[in-house]
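File shown: target35.cif. Contents: mmCIF, N, CA and C atoms.
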data_data
#
loop_
_atom_site.label_atom_id
_atom_site.label_comp_id
_atom_site.auth_asym_id
_atom_site.auth_seq_id
_atom_site.Cartn_x
_atom_site.Cartn_y
_atom_site.Cartn_z
N MET Q 1 105.28 116.06 84.81
CA MET Q 1 104.11 116.13 85.66
C MET Q 1 104.55 116.44 87.08
N GLU Q 2 103.96 117.42 87.71
CA GLU Q 2 104.28 117.78 89.09
C GLU Q 2 103.42 116.97 90.05
N TRP Q 3 104.06 116.38 91.04
CA TRP Q 3 103.35 115.58 92.04
C TRP Q 3 103.31 116.25 93.39
N TYR Q 4 103.75 117.50 93.48
CA TYR Q 4 103.82 118.17 94.78
C TYR Q 4 102.49 118.10 95.53
N GLY Q 5 101.39 118.35 94.83
CA GLY Q 5 100.09 118.36 95.48
C GLY Q 5 99.62 116.99 95.94
N PHE Q 6 100.27 115.94 95.49
CA PHE Q 6 99.82 114.60 95.82
C PHE Q 6 100.68 113.92 96.88
N LEU Q 7 101.86 114.45 97.10
CA LEU Q 7 102.75 113.86 98.10
C LEU Q 7 102.26 114.28 99.47
N THR Q 8 101.80 113.32 100.26
CA THR Q 8 101.25 113.64 101.57
C THR Q 8 102.35 114.01 102.55
N HIS Q 9 103.37 113.17 102.64
CA HIS Q 9 104.46 113.37 103.60
C HIS Q 9 105.75 112.82 103.02
N ALA Q 10 106.86 113.28 103.58
CA ALA Q 10 108.16 112.70 103.26
C ALA Q 10 108.89 112.49 104.57
N VAL Q 11 109.61 111.39 104.65
CA VAL Q 11 110.48 111.11 105.79
C VAL Q 11 111.89 111.01 105.25
N ILE Q 12 112.79 111.77 105.86
CA ILE Q 12 114.20 111.73 105.48
C ILE Q 12 114.97 111.34 106.73
N SER Q 13 115.61 110.18 106.69
CA SER Q 13 116.30 109.66 107.87
C SER Q 13 117.54 108.89 107.44
N PRO Q 14 118.40 108.56 108.39
CA PRO Q 14 119.55 107.71 108.05
C PRO Q 14 119.12 106.35 107.49
N HIS Q 15 117.89 105.94 107.78
CA HIS Q 15 117.39 104.64 107.32
C HIS Q 15 116.67 104.73 105.98
N GLY Q 16 116.79 105.86 105.31
CA GLY Q 16 116.21 105.99 103.98
C GLY Q 16 115.33 107.20 103.85
N ILE Q 17 114.88 107.41 102.62
CA ILE Q 17 113.98 108.51 102.30
C ILE Q 17 112.70 107.88 101.78
N TYR Q 18 111.57 108.40 102.26
CA TYR Q 18 110.27 107.79 101.98
C TYR Q 18 109.26 108.84 101.53
N ALA Q 19 108.56 108.55 100.45
CA ALA Q 19 107.44 109.37 99.98
C ALA Q 19 106.18 108.66 100.46
N ILE Q 20 105.43 109.32 101.33
CA ILE Q 20 104.31 108.65 102.00
C ILE Q 20 102.98 109.23 101.52
N GLU Q 21 102.15 108.36 101.03
CA GLU Q 21 100.79 108.71 100.61
C GLU Q 21 99.83 108.21 101.67
N THR Q 22 98.99 109.09 102.18
CA THR Q 22 97.98 108.71 103.17
C THR Q 22 96.64 108.58 102.46
N LYS Q 23 95.99 107.46 102.64
CA LYS Q 23 94.69 107.21 102.01
C LYS Q 23 93.65 106.93 103.09
N THR Q 24 92.52 107.55 102.95
CA THR Q 24 91.43 107.32 103.90
C THR Q 24 90.19 106.87 103.14
N PHE Q 25 89.53 105.89 103.69
CA PHE Q 25 88.29 105.38 103.14
C PHE Q 25 87.36 105.10 104.31
N SER Q 26 86.06 105.26 104.10
CA SER Q 26 85.09 104.86 105.13
C SER Q 26 85.18 103.36 105.31
N LYS Q 27 85.11 102.93 106.57
CA LYS Q 27 85.26 101.50 106.86
C LYS Q 27 83.90 100.80 106.89
N PRO Q 28 83.76 99.77 106.07
CA PRO Q 28 82.54 98.96 106.07
C PRO Q 28 82.67 97.79 107.04
N TRP Q 29 82.46 98.04 108.29
CA TRP Q 29 82.63 96.98 109.29
C TRP Q 29 81.83 95.77 108.91
N PRO Q 30 82.27 94.57 109.15
CA PRO Q 30 83.52 94.19 109.79
C PRO Q 30 84.65 93.93 108.80
N THR Q 31 84.50 94.30 107.54
CA THR Q 31 85.51 93.95 106.54
C THR Q 31 86.48 95.10 106.26
N ALA Q 32 86.99 95.74 107.30
CA ALA Q 32 87.92 96.86 107.12
C ALA Q 32 89.32 96.35 106.90
N THR Q 33 89.52 95.69 105.75
CA THR Q 33 90.81 95.09 105.44
C THR Q 33 91.32 95.59 104.10
N ILE Q 34 92.59 95.95 104.08
CA ILE Q 34 93.29 96.25 102.84
C ILE Q 34 94.08 94.99 102.50
N LEU Q 35 93.90 94.47 101.30
CA LEU Q 35 94.62 93.28 100.88
C LEU Q 35 95.61 93.67 99.79
N VAL Q 36 96.88 93.36 100.01
CA VAL Q 36 97.93 93.66 99.03
C VAL Q 36 98.39 92.34 98.44
N ASP Q 37 98.31 92.26 97.11
CA ASP Q 37 98.76 91.07 96.39
C ASP Q 37 99.59 91.55 95.21
N GLY Q 38 100.89 91.72 95.44
CA GLY Q 38 101.78 92.26 94.40
C GLY Q 38 101.43 93.70 94.10
N ASP Q 39 101.08 93.98 92.83
CA ASP Q 39 100.72 95.33 92.41
C ASP Q 39 99.23 95.62 92.59
N THR Q 40 98.47 94.62 93.06
CA THR Q 40 97.03 94.78 93.22
C THR Q 40 96.70 95.05 94.68
N LEU Q 41 95.83 96.01 94.88
CA LEU Q 41 95.42 96.39 96.23
C LEU Q 41 93.90 96.48 96.24
N THR Q 42 93.29 95.85 97.23
CA THR Q 42 91.84 95.97 97.37
C THR Q 42 91.51 96.56 98.73
N VAL Q 43 90.48 97.38 98.75
CA VAL Q 43 90.00 98.04 99.96
C VAL Q 43 88.63 97.45 100.25
N ALA Q 44 88.55 96.67 101.32
CA ALA Q 44 87.30 95.98 101.67
C ALA Q 44 86.73 95.22 100.47
N GLY Q 45 87.64 94.55 99.75
CA GLY Q 45 87.22 93.72 98.63
C GLY Q 45 87.06 94.44 97.30
N ARG Q 46 87.26 95.74 97.27
CA ARG Q 46 87.09 96.50 96.03
C ARG Q 46 88.40 97.14 95.60
N VAL Q 47 88.59 97.20 94.30
CA VAL Q 47 89.77 97.87 93.74
C VAL Q 47 89.47 99.37 93.69
N PRO Q 48 90.32 100.21 94.28
CA PRO Q 48 90.08 101.66 94.24
C PRO Q 48 90.15 102.21 92.81
N ASP Q 49 89.47 103.33 92.58
CA ASP Q 49 89.49 103.97 91.26
C ASP Q 49 90.90 104.30 90.82
N ARG Q 50 91.70 104.84 91.74
CA ARG Q 50 93.11 105.14 91.46
C ARG Q 50 93.97 104.21 92.29
N ASN Q 51 94.97 103.64 91.66
CA ASN Q 51 95.81 102.66 92.33
C ASN Q 51 96.79 103.36 93.28
N PRO Q 52 96.62 103.20 94.60
CA PRO Q 52 97.52 103.85 95.55
C PRO Q 52 98.98 103.42 95.42
N ILE Q 53 99.23 102.19 94.99
CA ILE Q 53 100.60 101.72 94.80
C ILE Q 53 101.26 102.50 93.66
N GLU Q 54 100.53 102.70 92.57
CA GLU Q 54 101.06 103.49 91.46
C GLU Q 54 101.28 104.93 91.89
N GLN Q 55 100.37 105.49 92.69
CA GLN Q 55 100.52 106.86 93.17
C GLN Q 55 101.77 107.00 94.04
N ALA Q 56 102.00 106.04 94.93
CA ALA Q 56 103.18 106.10 95.80
C ALA Q 56 104.46 105.93 94.99
N THR Q 57 104.43 105.08 93.98
CA THR Q 57 105.58 104.91 93.10
C THR Q 57 105.89 106.22 92.37
N ALA Q 58 104.86 106.86 91.84
CA ALA Q 58 105.06 108.13 91.13
C ALA Q 58 105.56 109.21 92.09
N ALA Q 59 105.04 109.25 93.30
CA ALA Q 59 105.48 110.25 94.28
C ALA Q 59 106.95 110.02 94.65
N ALA Q 60 107.34 108.76 94.79
CA ALA Q 60 108.73 108.46 95.11
C ALA Q 60 109.66 108.88 93.97
N ARG Q 61 109.27 108.60 92.73
CA ARG Q 61 110.09 109.02 91.58
C ARG Q 61 110.16 110.54 91.49
N TRP Q 62 109.04 111.21 91.76
CA TRP Q 62 109.03 112.68 91.74
C TRP Q 62 110.02 113.21 92.78
N LEU Q 63 109.97 112.66 94.00
CA LEU Q 63 110.86 113.12 95.06
C LEU Q 63 112.32 112.82 94.72
N GLU Q 64 112.59 111.65 94.17
CA GLU Q 64 113.95 111.33 93.73
C GLU Q 64 114.45 112.38 92.73
N ASN Q 65 113.61 112.69 91.74
CA ASN Q 65 113.99 113.65 90.71
C ASN Q 65 114.17 115.05 91.29
N LYS Q 66 113.29 115.46 92.18
CA LYS Q 66 113.39 116.79 92.78
C LYS Q 66 114.66 116.92 93.60
N LEU Q 67 115.01 115.89 94.37
CA LEU Q 67 116.23 115.92 95.16
C LEU Q 67 117.47 115.90 94.26
N LYS Q 68 117.45 115.12 93.19
CA LYS Q 68 118.58 115.07 92.25
C LYS Q 68 118.77 116.43 91.60
N GLU Q 69 117.65 117.03 91.18
CA GLU Q 69 117.69 118.34 90.53
C GLU Q 69 118.25 119.42 91.46
N SER Q 70 117.88 119.39 92.72
CA SER Q 70 118.28 120.47 93.62
C SER Q 70 119.60 120.22 94.35
N THR Q 71 119.95 118.95 94.58
CA THR Q 71 121.19 118.67 95.33
C THR Q 71 122.33 118.19 94.44
N GLY Q 72 121.99 117.67 93.27
CA GLY Q 72 123.01 117.07 92.41
C GLY Q 72 123.34 115.64 92.81
N LYS Q 73 122.70 115.14 93.85
CA LYS Q 73 122.94 113.77 94.32
C LYS Q 73 121.71 112.91 94.04
N ARG Q 74 121.97 111.63 93.83
CA ARG Q 74 120.86 110.69 93.63
C ARG Q 74 120.56 110.02 94.95
N PHE Q 75 119.32 110.16 95.38
CA PHE Q 75 118.84 109.50 96.60
C PHE Q 75 117.76 108.50 96.20
N ALA Q 76 117.85 107.29 96.70
CA ALA Q 76 116.78 106.32 96.50
C ALA Q 76 115.62 106.68 97.42
N VAL Q 77 114.41 106.67 96.87
CA VAL Q 77 113.22 106.99 97.66
C VAL Q 77 112.24 105.84 97.54
N ARG Q 78 111.75 105.37 98.67
CA ARG Q 78 110.77 104.28 98.70
C ARG Q 78 109.37 104.89 98.84
N GLY Q 79 108.45 104.40 98.04
CA GLY Q 79 107.06 104.79 98.16
C GLY Q 79 106.38 104.02 99.28
N VAL Q 80 105.52 104.70 100.01
CA VAL Q 80 104.77 104.09 101.11
C VAL Q 80 103.33 104.56 101.02
N VAL Q 81 102.40 103.65 101.20
CA VAL Q 81 100.98 104.00 101.30
C VAL Q 81 100.53 103.62 102.70
N VAL Q 82 99.92 104.56 103.41
CA VAL Q 82 99.40 104.25 104.73
C VAL Q 82 97.89 104.43 104.73
N PHE Q 83 97.22 103.52 105.43
CA PHE Q 83 95.77 103.52 105.58
C PHE Q 83 95.43 103.59 107.05
N PRO Q 84 95.20 104.80 107.59
CA PRO Q 84 94.90 104.92 109.01
C PRO Q 84 93.66 104.12 109.41
N GLY Q 85 93.82 103.31 110.47
CA GLY Q 85 92.70 102.57 111.04
C GLY Q 85 92.31 101.29 110.34
N TRP Q 86 92.99 100.93 109.28
CA TRP Q 86 92.66 99.71 108.55
C TRP Q 86 93.66 98.61 108.87
N PHE Q 87 93.17 97.37 108.80
CA PHE Q 87 94.06 96.21 108.89
C PHE Q 87 94.61 95.96 107.50
N VAL Q 88 95.93 95.85 107.37
CA VAL Q 88 96.56 95.61 106.07
C VAL Q 88 97.09 94.19 106.04
N ALA Q 89 96.58 93.41 105.11
CA ALA Q 89 97.01 92.02 104.93
C ALA Q 89 97.88 91.96 103.68
N GLN Q 90 99.06 91.38 103.82
CA GLN Q 90 100.02 91.30 102.72
C GLN Q 90 100.05 89.86 102.20
N ARG Q 91 99.28 89.58 101.18
CA ARG Q 91 99.31 88.24 100.61
C ARG Q 91 100.62 88.05 99.87
N SER Q 92 100.96 88.98 99.02
CA SER Q 92 102.21 88.96 98.26
C SER Q 92 102.68 90.40 98.17
N PRO Q 93 103.43 90.87 99.20
CA PRO Q 93 103.82 92.27 99.22
C PRO Q 93 104.73 92.65 98.07
N ARG Q 94 104.57 93.87 97.62
CA ARG Q 94 105.44 94.40 96.56
C ARG Q 94 106.67 94.97 97.24
N GLY Q 95 107.84 94.63 96.77
CA GLY Q 95 109.07 95.01 97.43
C GLY Q 95 109.38 96.49 97.47
N ASP Q 96 109.03 97.25 96.43
CA ASP Q 96 109.47 98.64 96.39
C ASP Q 96 108.46 99.62 96.98
N VAL Q 97 107.25 99.21 97.25
CA VAL Q 97 106.25 100.08 97.90
C VAL Q 97 105.70 99.34 99.11
N TRP Q 98 105.76 100.01 100.25
CA TRP Q 98 105.16 99.44 101.46
C TRP Q 98 103.72 99.92 101.55
N VAL Q 99 102.82 99.03 101.95
CA VAL Q 99 101.43 99.37 102.24
C VAL Q 99 101.21 98.99 103.69
N LEU Q 100 100.91 99.99 104.54
CA LEU Q 100 100.89 99.78 105.98
C LEU Q 100 99.79 100.56 106.68
N GLU Q 101 99.50 100.15 107.89
CA GLU Q 101 98.76 100.99 108.83
C GLU Q 101 99.82 101.93 109.39
N PRO Q 102 99.54 103.24 109.56
CA PRO Q 102 100.60 104.19 109.92
C PRO Q 102 101.38 103.86 111.19
N LYS Q 103 100.77 103.18 112.14
CA LYS Q 103 101.50 102.85 113.37
C LYS Q 103 102.65 101.88 113.11
N MET Q 104 102.61 101.19 112.00
CA MET Q 104 103.66 100.24 111.65
C MET Q 104 104.87 100.91 111.01
N LEU Q 105 104.70 102.11 110.47
CA LEU Q 105 105.76 102.75 109.70
C LEU Q 105 107.06 102.96 110.47
N PRO Q 106 107.05 103.50 111.70
CA PRO Q 106 108.34 103.70 112.40
C PRO Q 106 109.14 102.40 112.53
N GLY Q 107 108.47 101.30 112.85
CA GLY Q 107 109.17 100.03 112.99
C GLY Q 107 109.77 99.54 111.68
N PHE Q 108 109.04 99.72 110.59
CA PHE Q 108 109.56 99.32 109.28
C PHE Q 108 110.80 100.13 108.94
N ILE Q 109 110.73 101.46 109.17
CA ILE Q 109 111.88 102.31 108.86
C ILE Q 109 113.08 101.94 109.73
N GLU Q 110 112.85 101.71 111.02
CA GLU Q 110 113.94 101.37 111.93
C GLU Q 110 114.63 100.07 111.56
N GLN Q 111 113.90 99.15 110.92
CA GLN Q 111 114.48 97.86 110.51
C GLN Q 111 115.34 97.97 109.26
N GLU Q 112 115.25 99.08 108.55
CA GLU Q 112 116.06 99.26 107.35
C GLU Q 112 117.50 99.62 107.75
N PRO Q 113 118.47 99.20 106.96
CA PRO Q 113 119.86 99.56 107.29
C PRO Q 113 120.07 101.07 107.13
N ALA Q 114 120.99 101.61 107.90
CA ALA Q 114 121.34 103.02 107.78
C ALA Q 114 122.17 103.19 106.51
N THR Q 115 121.60 103.85 105.51
CA THR Q 115 122.26 104.01 104.22
C THR Q 115 122.47 105.47 103.83
N VAL Q 116 121.89 106.40 104.61
CA VAL Q 116 122.01 107.82 104.30
C VAL Q 116 122.83 108.46 105.42
N VAL Q 117 123.98 109.00 105.07
CA VAL Q 117 124.84 109.61 106.08
C VAL Q 117 124.19 110.89 106.61
N PRO Q 118 124.47 111.25 107.86
CA PRO Q 118 123.83 112.44 108.46
C PRO Q 118 123.95 113.71 107.61
N ALA Q 119 125.09 113.92 106.96
CA ALA Q 119 125.24 115.11 106.13
C ALA Q 119 124.25 115.10 104.96
N ASP Q 120 123.99 113.90 104.40
CA ASP Q 120 123.03 113.81 103.30
C ASP Q 120 121.59 113.92 103.79
N VAL Q 121 121.32 113.47 105.02
CA VAL Q 121 119.99 113.67 105.61
C VAL Q 121 119.73 115.17 105.70
N ALA Q 122 120.70 115.91 106.23
CA ALA Q 122 120.55 117.36 106.37
C ALA Q 122 120.43 118.04 105.00
N LEU Q 123 121.23 117.60 104.04
CA LEU Q 123 121.19 118.18 102.70
C LEU Q 123 119.83 117.97 102.05
N ALA Q 124 119.33 116.74 102.06
CA ALA Q 124 118.04 116.44 101.44
C ALA Q 124 116.91 117.18 102.15
N ALA Q 125 116.94 117.21 103.48
CA ALA Q 125 115.89 117.91 104.24
C ALA Q 125 115.91 119.41 103.94
N PHE Q 126 117.10 119.99 103.88
CA PHE Q 126 117.22 121.42 103.58
C PHE Q 126 116.64 121.73 102.21
N HIS Q 127 117.02 120.95 101.20
CA HIS Q 127 116.56 121.23 99.84
C HIS Q 127 115.05 120.99 99.68
N LEU Q 128 114.54 119.96 100.33
CA LEU Q 128 113.11 119.72 100.24
C LEU Q 128 112.33 120.83 100.95
N SER Q 129 112.80 121.26 102.12
CA SER Q 129 112.09 122.33 102.82
C SER Q 129 112.18 123.63 102.03
N ARG Q 130 113.30 123.88 101.38
CA ARG Q 130 113.44 125.08 100.54
C ARG Q 130 112.46 125.02 99.38
N TYR Q 131 112.30 123.85 98.78
CA TYR Q 131 111.35 123.69 97.68
C TYR Q 131 109.91 123.94 98.16
N VAL Q 132 109.57 123.37 99.30
CA VAL Q 132 108.21 123.54 99.83
C VAL Q 132 107.93 125.01 100.10
N ARG Q 133 108.88 125.70 100.73
CA ARG Q 133 108.69 127.14 101.00
C ARG Q 133 108.52 127.93 99.71
N SER Q 134 109.34 127.61 98.71
CA SER Q 134 109.27 128.30 97.43
C SER Q 134 107.90 128.11 96.77
N GLU Q 135 107.41 126.87 96.78
CA GLU Q 135 106.10 126.59 96.20
C GLU Q 135 104.99 127.28 96.97
N ALA Q 136 105.11 127.30 98.29
CA ALA Q 136 104.09 127.96 99.10
C ALA Q 136 104.09 129.47 98.84
N GLU Q 137 105.27 130.05 98.68
CA GLU Q 137 105.35 131.48 98.37
C GLU Q 137 104.73 131.78 97.01
N LYS Q 138 104.97 130.91 96.03
CA LYS Q 138 104.37 131.09 94.71
C LYS Q 138 102.85 131.04 94.79
N ALA Q 139 102.35 130.17 95.66
CA ALA Q 139 100.91 130.02 95.82
C ALA Q 139 100.32 131.12 96.71
N GLY Q 140 101.21 131.90 97.36
CA GLY Q 140 100.73 132.97 98.22
C GLY Q 140 100.22 132.51 99.55
N SER Q 141 100.63 131.30 99.98
CA SER Q 141 100.11 130.77 101.24
C SER Q 141 101.17 130.68 102.32
N TRP Q 142 102.35 131.24 102.10
CA TRP Q 142 103.41 131.17 103.10
C TRP Q 142 103.43 132.45 103.88
N SER Q 143 103.44 132.36 105.21
CA SER Q 143 103.47 133.58 106.00
C SER Q 143 104.71 133.65 106.84
#
For the structure just supplied, provide its representation as C-alpha cells.
Amino acid sequence: MEWYGFLTHAVISPHGIYAIETKTFSKPWPTATILVDGDTLTVAGRVPDRNPIEQATAAARWLENKLKESTGKRFAVRGVVVFPGWFVAQRSPRGDVWVLEPKMLPGFIEQEPATVVPADVALAAFHLSRYVRSEAEKAGSWS
C-alpha cells in the first residue's frame, strides 16, 4: 500500500526522522481538546472516523521502508500527529507516536538525542527528495 498521498510532512534531522500527519477539525468552543489515552484519541470528546495514531504509524513505517529501499540503510522513523490550534492533553501518551500542537514539535525534536549522523541526514533527505520529484513527474505536476 502506498502512503505517499497521506504523508503530510517529513522531518529529517540529527535528532531523528519523523513522519508528520497534520489533522484539522472545526473547533467546538470551549471544548477544543484532543485527549490521548494510549492508542485512543478523542477530538472534543469524539473518536474520529479514522484513527490518526494508526495513520501516523503507517506513514512512519512507509517512510522507513522507502528509505531502506532507496538507501540500503535502516532508519527509525517516529510517527507524529499534529493538530493546529488545539490543546492536546496526554492522559497516557503512546511512546512511539507523538500527538502534539505543531508549536510543540521543535521542542520535542530538540529534546531527542542526536542519533542520525550528518552524512545520513543528507543521504535520507536526498533520497526522499528524489522520490518526491519522481512521483511528481509521474503525476505530471513537476515543473
TODO: Taking the file as shown, find all residues satisfying the PyMOL selection byres (((chain Q and resi 86 and name CA) around 6) and name CA) and write them as a ChimeraX atom specification.
DONE: /Q:32-33,83-85,87
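We find CA of Lys73 in chain Q and atom C of Gln55 in chain Q to be spaced 22.2 Å apart.
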Open item on the list: Just to confirm, what's the straight-line distance from CA of Arg130 in chain Q to CA of Ala10 in chain Q in Å (one decimal)?
Closed with: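 CA of Ala10 in chain Q lies at a distance of 13.7 Å from CA of Arg130 in chain Q.
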- [ ] Would you list the contacts of Thr40 in chain Q as a list in words, taking every protein, DNA or RNA residue within 12 Å and counting only C-alpha atoms, but skipping same-chain residues closer than 3 positions in sequence?
- [x]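 These residues fall inside the cut-off: Ile34, Leu35, Val36, Asp37, Val43, Gly45, Arg46, Val47, Pro48, Arg50, Asn51, Pro52, Ile53, Glu54, Gln90, Arg91, Ser92, Pro93, Arg94, Val97 and Val99 of chain Q.
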- [ ] Can you list, as a ChimeraX atom specification, all residues belonging to range 19-110 of chain Q that DSSP tags as strand (DSSP E or B)?
- [x] /Q:19-22,33-37,40-43,46,77-82,87-92,97-100
Task: Closest of Q:Ala19, Q:Phe126, Q:Asp39, Q:Met104 to Leu63 in chain Q - atom-to-atom distances counting all atoms listed in the file - done: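 The answer is Q:Ala19, which sits nearest to Leu63 in chain Q.
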Open item on the list: Just the number, please: distance in Å from CA of Ala124 in chain Q to CA of Ile12 in chain Q, one decimal.
Closed with: 7.3 Å
TODO: Name the residues of chain Q that fall into helix (DSSP H, G or I) according to DSSP on the backbone, using the chain letters and numbers of this document, as a ChimeraX atom specification.
DONE: /Q:4-6,52-71,102-111,118-139
Open item on the list: Here is a test: counting only C-alpha atoms, which residue of Q:Glu101, Q:Trp29, Q:Gly79, Q:Gly140 is nearest to Val11 in chain Q?
Closed with: Q:Gly79
TODO: Please provide as a PyMOL selection string all residues within 7 Å of His15 in chain Q, with the sequence filter that same-chain residues fewer than 5 positions apart are discarded (counting only C-alpha atoms).
DONE: chain Q and resi 109-110+112-116
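Among the candidates Q:Leu105, Q:His127, Q:Ala59, Q:Leu41, the residue lying nearest to Thr8 in chain Q is Q:Ala59 (atoms considered: only C-alpha atoms).
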Open item on the list: Please determine, counting only N, CA and C atoms, which residue among Q:Leu123, Q:Ala56, Q:Ser26, Q:Asn65 has the shortest atom-to-atom distance to Trp98 in chain Q.
Closed with: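 Once distances to Trp98 in chain Q are computed over only N, CA and C atoms, the minimum belongs to Q:Ala56.
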Edge lengths and centre in Å to one decimal, as lines of an AutoDock Vina configuration file, is what I'm after for the box along x, y and z that holds all listed atoms of range 119-123 of chain Q once 4 Å is added on each side.
center_x = 122.5
center_y = 115.8
center_z = 104.5
size_x = 13.5
size_y = 12.7
size_z = 12.9
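Restricting the calculation to only N, CA and C atoms, the smallest distance between Ser13 in chain Q and any of Q:Asp120, Q:Gly95, Q:Tyr131, Q:Ala139 is found for Q:Asp120.
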Task: Local residues around (115.8, 108.7, 98.6), at most 6 Å away, using all atoms listed in the file, as a count of residues only - done: 8
Open item on the list: Here is a test: counting all atoms listed in the file, which residue of Q:Trp62, Q:Leu67, Q:Val82, Q:Ala136 is nearest to Pro102 in chain Q?
Closed with: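 Looking at the shortest contact to Pro102 in chain Q, the residue is Q:Val82.
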